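Source file: coords_36.cif. Holds: mmCIF, C-alpha atoms.
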data_run
#
loop_
_atom_site.label_atom_id
_atom_site.label_comp_id
_atom_site.auth_asym_id
_atom_site.auth_seq_id
_atom_site.Cartn_x
_atom_site.Cartn_y
_atom_site.Cartn_z
CA MET A 1 100.51 124.90 95.87
CA THR A 2 102.17 128.27 96.24
CA GLY A 3 105.75 128.39 94.95
CA PHE A 4 105.74 124.83 93.58
CA TRP A 5 107.64 125.39 90.32
CA VAL A 6 110.09 127.74 92.00
CA LEU A 7 110.85 125.03 94.55
CA VAL A 8 111.19 122.39 91.82
CA GLN A 9 113.79 124.55 90.07
CA LYS A 10 115.53 125.07 93.41
CA GLU A 11 115.63 121.32 94.06
CA LEU A 12 117.01 120.53 90.62
CA LEU A 13 119.64 123.25 90.99
CA GLU A 14 120.60 121.91 94.41
CA GLN A 15 120.94 118.39 93.04
CA ARG A 16 123.35 119.69 90.41
CA ARG A 17 125.32 121.68 92.99
CA THR A 18 125.54 118.80 95.48
CA LYS A 19 126.38 116.39 92.64
CA LYS A 20 123.46 114.09 93.57
CA PHE A 21 122.37 113.69 89.97
CA LEU A 22 125.97 113.15 88.89
CA ALA A 23 126.37 110.49 91.59
CA LEU A 24 123.20 108.71 90.46
CA ALA A 25 124.24 108.87 86.81
CA LEU A 26 127.73 107.56 87.57
CA VAL A 27 126.39 104.68 89.67
CA PHE A 28 123.88 103.60 87.04
CA THR A 29 126.49 103.98 84.30
CA PHE A 30 128.91 101.85 86.30
CA LEU A 31 126.22 99.21 86.81
CA ALA A 32 125.57 99.37 83.08
CA VAL A 33 129.17 99.04 81.95
CA VAL A 34 130.64 96.39 84.24
CA PRO A 35 128.25 93.40 83.80
CA PRO A 36 128.27 93.34 79.96
CA THR A 37 132.04 93.72 79.93
CA ILE A 38 132.54 90.83 82.34
CA PHE A 39 129.91 88.79 80.52
CA ARG A 40 131.66 89.40 77.22
CA THR A 41 134.99 88.30 78.69
CA VAL A 42 133.43 85.06 79.96
CA VAL A 43 131.59 84.12 76.77
CA HIS A 44 134.49 85.16 74.52
CA PHE A 45 135.96 81.71 74.87
CA GLN A 46 132.70 79.84 74.35
CA GLU A 47 132.30 78.29 70.92
CA GLY A 48 129.06 78.65 69.04
CA ALA A 49 127.70 81.42 71.24
CA HIS A 50 124.90 83.48 69.71
CA CYS A 51 125.51 87.22 69.95
CA VAL A 52 121.83 88.18 69.93
CA GLU A 53 121.08 85.84 72.83
CA GLN A 54 124.06 87.23 74.73
CA ALA A 55 122.89 90.80 74.12
CA ARG A 56 119.40 90.02 75.39
CA GLU A 57 120.74 88.26 78.48
CA ALA A 58 123.04 91.18 79.28
CA LEU A 59 120.22 93.75 78.93
CA GLU A 60 117.81 91.59 80.90
CA ASN A 61 120.25 91.37 83.80
CA ILE A 62 120.52 95.16 83.85
CA ILE A 63 116.82 96.03 83.97
CA GLY A 64 115.76 93.09 86.12
CA GLY A 65 118.74 92.75 88.42
CA MET A 66 121.62 95.18 88.65
CA MET A 67 119.75 98.49 88.41
CA PRO A 68 116.83 97.74 90.75
CA VAL A 69 118.91 95.83 93.32
CA PHE A 70 121.82 98.24 93.67
CA GLY A 71 119.73 101.23 92.64
CA THR A 72 117.44 100.71 95.63
CA GLY A 73 120.31 101.27 98.05
CA VAL A 74 121.58 104.30 96.12
CA VAL A 75 118.14 105.94 95.99
CA ILE A 76 117.64 105.40 99.72
CA ILE A 77 120.98 107.05 100.46
CA ILE A 78 120.17 109.99 98.18
CA ALA A 79 116.62 110.49 99.50
CA MET A 80 116.89 109.70 103.21
CA GLY A 81 117.88 113.27 104.06
CA ALA A 82 115.35 114.91 101.74
CA LEU A 83 113.16 116.18 104.60
CA ALA A 84 115.05 114.94 107.65
CA ASN A 85 118.18 116.92 106.86
CA GLU A 86 116.16 120.00 105.89
CA ARG A 87 114.51 120.03 109.31
CA ALA A 88 117.68 119.25 111.24
CA SER A 89 119.70 121.97 109.49
CA GLY A 90 116.97 124.60 109.69
CA THR A 91 116.78 124.95 105.90
CA ALA A 92 113.12 123.94 105.88
CA ALA A 93 112.21 126.69 108.36
CA MET A 94 114.11 129.25 106.31
CA THR A 95 112.44 128.21 103.05
CA LEU A 96 108.95 128.01 104.52
CA SER A 97 109.29 131.45 106.07
CA LYS A 98 108.78 132.67 102.50
CA PRO A 99 105.37 132.58 100.77
CA VAL A 100 105.50 128.88 99.85
CA ALA A 101 103.20 126.09 100.97
CA ARG A 102 104.40 122.98 102.77
CA SER A 103 102.57 120.88 100.21
CA ALA A 104 104.62 122.54 97.46
CA PHE A 105 107.80 121.97 99.47
CA VAL A 106 107.16 118.21 99.74
CA ALA A 107 105.84 117.83 96.19
CA ALA A 108 108.89 119.60 94.75
CA LYS A 109 111.17 117.18 96.62
CA LEU A 110 109.26 114.19 95.22
CA LEU A 111 109.17 115.49 91.65
CA ALA A 112 112.84 116.50 91.60
CA LEU A 113 113.81 113.10 92.99
CA GLY A 114 111.83 111.38 90.25
CA ALA A 115 113.40 113.56 87.57
CA SER A 116 116.89 112.68 88.81
CA ILE A 117 116.12 108.96 88.92
CA PHE A 118 114.61 108.85 85.43
CA GLY A 119 117.45 110.96 84.04
CA ALA A 120 120.19 108.87 85.67
CA VAL A 121 118.62 105.57 84.58
CA ALA A 122 118.26 106.93 81.03
CA VAL A 123 121.97 107.82 80.96
CA GLY A 124 123.00 104.41 82.28
CA GLY A 125 120.56 102.66 79.95
CA ALA A 126 121.89 104.47 76.89
CA VAL A 127 125.45 103.55 77.83
CA VAL A 128 124.68 99.87 78.40
CA TYR A 129 122.69 99.59 75.17
CA ILE A 130 125.47 101.14 73.08
CA LEU A 131 128.05 98.95 74.82
CA THR A 132 125.95 95.82 74.31
CA LEU A 133 125.47 96.73 70.66
CA ILE A 134 129.25 97.02 70.26
CA LEU A 135 130.14 93.87 72.21
CA PHE A 136 127.29 91.60 71.11
CA ALA A 137 124.40 92.65 68.89
CA ASP A 138 121.04 94.47 68.94
CA GLY A 139 119.16 93.10 71.93
CA GLY A 140 115.88 94.93 71.23
CA VAL A 141 115.78 98.64 71.99
CA GLY A 142 111.99 98.95 72.35
CA ARG A 143 111.54 96.36 75.07
CA PHE A 144 114.70 97.53 76.80
CA ALA A 145 113.43 101.12 76.91
CA LEU A 146 110.10 99.94 78.35
CA GLY A 147 111.97 97.87 80.93
CA LEU A 148 114.01 100.92 81.93
CA LEU A 149 110.79 102.92 82.33
CA ILE A 150 109.37 100.28 84.68
CA THR A 151 112.64 100.09 86.64
CA SER A 152 112.81 103.89 86.94
CA THR A 153 109.24 104.04 88.24
CA TYR A 154 110.04 101.34 90.79
CA LEU A 155 113.09 103.28 92.00
CA TRP A 156 110.93 106.41 92.26
CA TYR A 157 108.60 104.33 94.45
CA VAL A 158 111.61 103.52 96.64
CA GLY A 159 112.40 107.24 96.83
CA ALA A 160 108.78 108.05 97.73
CA ILE A 161 108.86 105.60 100.65
CA THR A 162 112.13 107.13 101.82
CA LEU A 163 110.65 110.63 101.56
CA LEU A 164 107.66 109.52 103.64
CA ILE A 165 109.83 108.12 106.43
CA SER A 166 112.07 111.19 106.18
CA ALA A 167 109.03 113.35 106.95
CA GLN A 168 108.56 111.54 110.25
CA PHE A 169 112.12 111.30 111.56
CA SER A 170 114.98 113.79 111.57
CA GLN A 171 117.87 111.27 111.76
CA GLN A 172 119.03 110.23 108.31
CA LEU A 173 120.51 106.88 109.36
CA LEU A 174 117.30 105.98 111.17
CA VAL A 175 115.32 106.81 108.02
CA GLY A 176 117.58 104.62 105.88
CA GLY A 177 117.41 101.75 108.37
CA ILE A 178 113.60 101.82 108.51
CA VAL A 179 113.26 101.86 104.72
CA LEU A 180 115.67 98.94 104.35
CA ALA A 181 113.70 97.05 107.02
CA LEU A 182 110.47 97.64 105.08
CA PHE A 183 111.99 96.11 101.96
CA MET A 184 113.33 93.17 103.94
CA VAL A 185 109.80 92.57 105.26
CA GLN A 186 108.52 92.48 101.67
CA LEU A 187 111.16 89.90 100.78
CA PHE A 188 110.17 87.70 103.73
CA LEU A 189 106.48 87.94 102.79
CA LEU A 190 106.99 87.00 99.13
CA PRO A 191 106.62 83.22 99.74
CA ILE A 192 103.01 83.68 100.89
CA PRO A 193 100.95 81.84 98.25
CA HIS A 194 99.17 83.91 95.59
CA THR A 195 100.59 87.23 96.82
CA GLU A 196 103.74 87.58 94.69
CA ARG A 197 102.02 89.65 92.00
CA TYR A 198 100.88 92.28 94.53
CA TRP A 199 104.20 93.16 96.15
CA PRO A 200 105.75 96.33 94.61
CA ILE A 201 109.19 94.84 95.05
CA MET A 202 108.33 92.47 92.18
CA SER A 203 108.05 95.35 89.69
CA PRO A 204 111.56 94.70 88.25
CA GLY A 205 110.42 91.13 87.68
CA TRP A 206 107.70 92.45 85.38
CA ALA A 207 110.31 94.55 83.53
CA ARG A 208 112.37 91.40 83.00
CA SER A 209 109.28 89.46 81.95
CA ILE A 210 108.32 92.08 79.33
CA PHE A 211 111.84 92.06 77.96
CA ARG A 212 111.79 88.27 77.65
CA GLY A 213 108.23 88.29 76.31
CA ASP A 214 107.19 85.37 78.51
CA GLY A 215 103.92 86.97 79.69
CA ASN A 216 104.65 86.69 83.42
CA ASP A 217 101.69 88.36 85.13
CA LEU A 218 103.36 90.87 87.46
CA TRP A 219 101.82 94.08 86.09
CA SER A 220 99.74 94.48 89.27
CA ALA A 221 102.93 94.83 91.37
CA PHE A 222 104.05 97.66 89.11
CA ALA A 223 100.60 99.29 89.21
CA ILE A 224 100.64 99.26 93.01
CA ALA A 225 104.16 100.71 93.09
CA ALA A 226 103.30 103.48 90.61
CA GLY A 227 99.99 104.28 92.31
CA SER A 228 101.69 104.46 95.70
CA ILE A 229 103.99 107.32 94.66
CA PRO A 230 101.43 110.17 94.83
CA LEU A 231 99.77 108.58 97.88
CA MET A 232 103.07 108.51 99.77
CA GLY A 233 103.75 112.08 98.67
CA MET A 234 100.44 113.16 100.19
CA ALA A 235 101.12 111.14 103.34
CA ALA A 236 104.56 112.77 103.64
CA TRP A 237 102.91 116.19 103.38
CA GLY A 238 100.34 115.19 106.00
CA ILE A 239 103.13 114.27 108.42
CA PHE A 240 105.41 117.16 107.54
CA ARG A 241 102.78 119.86 108.03
CA ARG A 242 102.40 118.82 111.69
CA LYS A 243 106.11 118.98 112.41
CA GLU A 244 107.79 121.81 114.27
CA LEU A 245 110.54 123.37 112.16
#
As structure tokens, the full file:
Amino acid sequence: MTGFWVLVQKELLEQRRTKKFLALALVFTFLAVVPPTIFRTVVHFQEGAHCVEQAREALENIIGGMMPVFGTGVVIIIAMGALANERASGTAAMTLSKPVARSAFVAAKLLALGASIFGAVAVGGAVVYILTLILFADGGVGRFALGLLITSTYLWYVGAITLLISAQFSQQLLVGGIVLALFMVQLFLLPIPHTERYWPIMSPGWARSIFRGDGNDLWSAFAIAAGSIPLMGMAAWGIFRRKEL
């Protein structure tokens, strides 16, 4: 892929200039700070509360609830113009007029998006763990870090889907609407018997299960989500290479 690493550096530099990474980091930090603080205020007046249990509950809600739920919307907003906006503004044509391959162009977008997601989640995770340690107790750093890794991979999966749809359509709002509709479809299909463990949207549930240590068998949902990332990247390239710039 000609020009791949140059394009990756360009994408990371652009994310710093456009404050996309800063926006992601601030959102995840906000999601990390607010719930434990509110939770601490509520349980402050409860007698006989166990700090370790409170810490674990606060961390569990972050990796299995707040970050994946609200993070999905944030990632869609960040990624829905990844290719659509580049085509509409003419930036893609300008970049690809240089000796770079379209495959490298798409792959750089996907890799830079993943780097931003993992970095932002790591920042938010560090903040929430330190805050939880101060407010409550040690909730278990090892399992929490593994849960964050699963959640970050799931959000990268969300970004990969958005990138794929962005390769097909040039209107950002249309891209965002289609991606949201796809996730709504997954939610509606969850009640089908014996299928829950295969829907990627259940990946945060596995993160929560690992943190609790209850052995809930949702690893296959995560495996499908993680395995879909490179496949959707290749599909996005397949679509993008046929598009007029």
Subject >> Contacts of Gly233 in chain A at 8 Å (all atoms listed in the file; same-chain gap of 3+ positions) as a PyMOL selection string >> reply: chain A and resi 106-107+110+160+163-164+229-230+236-237
**OP:** Please measure the separation of CA of Arg17 in chain A and CA of Gly124 in chain A, giving the value in Å to one decimal.
**Re:**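 Distance between the two atoms: 20.5 Å.
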Residues within 9 Å of Arg102 in chain A, please, as an mmCIF file with C-alpha atoms, in the coordinates of the input. Count all atoms listed in the file; anything in the same chain fewer than 2 positions from it doesn't count.
data_model
loop_
_atom_site.group_PDB
_atom_site.id
_atom_site.type_symbol
_atom_site.label_atom_id
_atom_site.label_comp_id
_atom_site.auth_asym_id
_atom_site.auth_seq_id
_atom_site.Cartn_x
_atom_site.Cartn_y
_atom_site.Cartn_z
ATOM 1 C CA MET A 1 100.510 124.900 95.870
ATOM 2 C CA THR A 2 102.170 128.270 96.240
ATOM 3 C CA LEU A 96 108.950 128.010 104.520
ATOM 4 C CA VAL A 100 105.500 128.880 99.850
ATOM 5 C CA ALA A 104 104.620 122.540 97.460
ATOM 6 C CA PHE A 105 107.800 121.970 99.470
ATOM 7 C CA VAL A 106 107.160 118.210 99.740
ATOM 8 C CA ALA A 107 105.840 117.830 96.190
ATOM 9 C CA TRP A 237 102.910 116.190 103.380
ATOM 10 C CA PHE A 240 105.410 117.160 107.540
ATOM 11 C CA ARG A 241 102.780 119.860 108.030
#
Subject >> Cut-off 9 Å around (123.3, 90.4, 74.4) with all atoms listed in the file: residues as an NGL selection string >> reply: :A and (36 or 40 or 50-60 or 132-133 or 135-139)
**OP:** Could you tell me how far CA of Ala25 in chain A lies from CA of Gly119 in chain A, in Å and to one decimal?
**Re:**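 Calculated distance between CA of Ala25 in chain A and CA of Gly119 in chain A is 7.6 Å.
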**OP:** Mind giving me the straight-line distance from CA of Met232 in chain A to CA of Pro68 in chain A in Å, one decimal?
**Re:** 19.7 Å
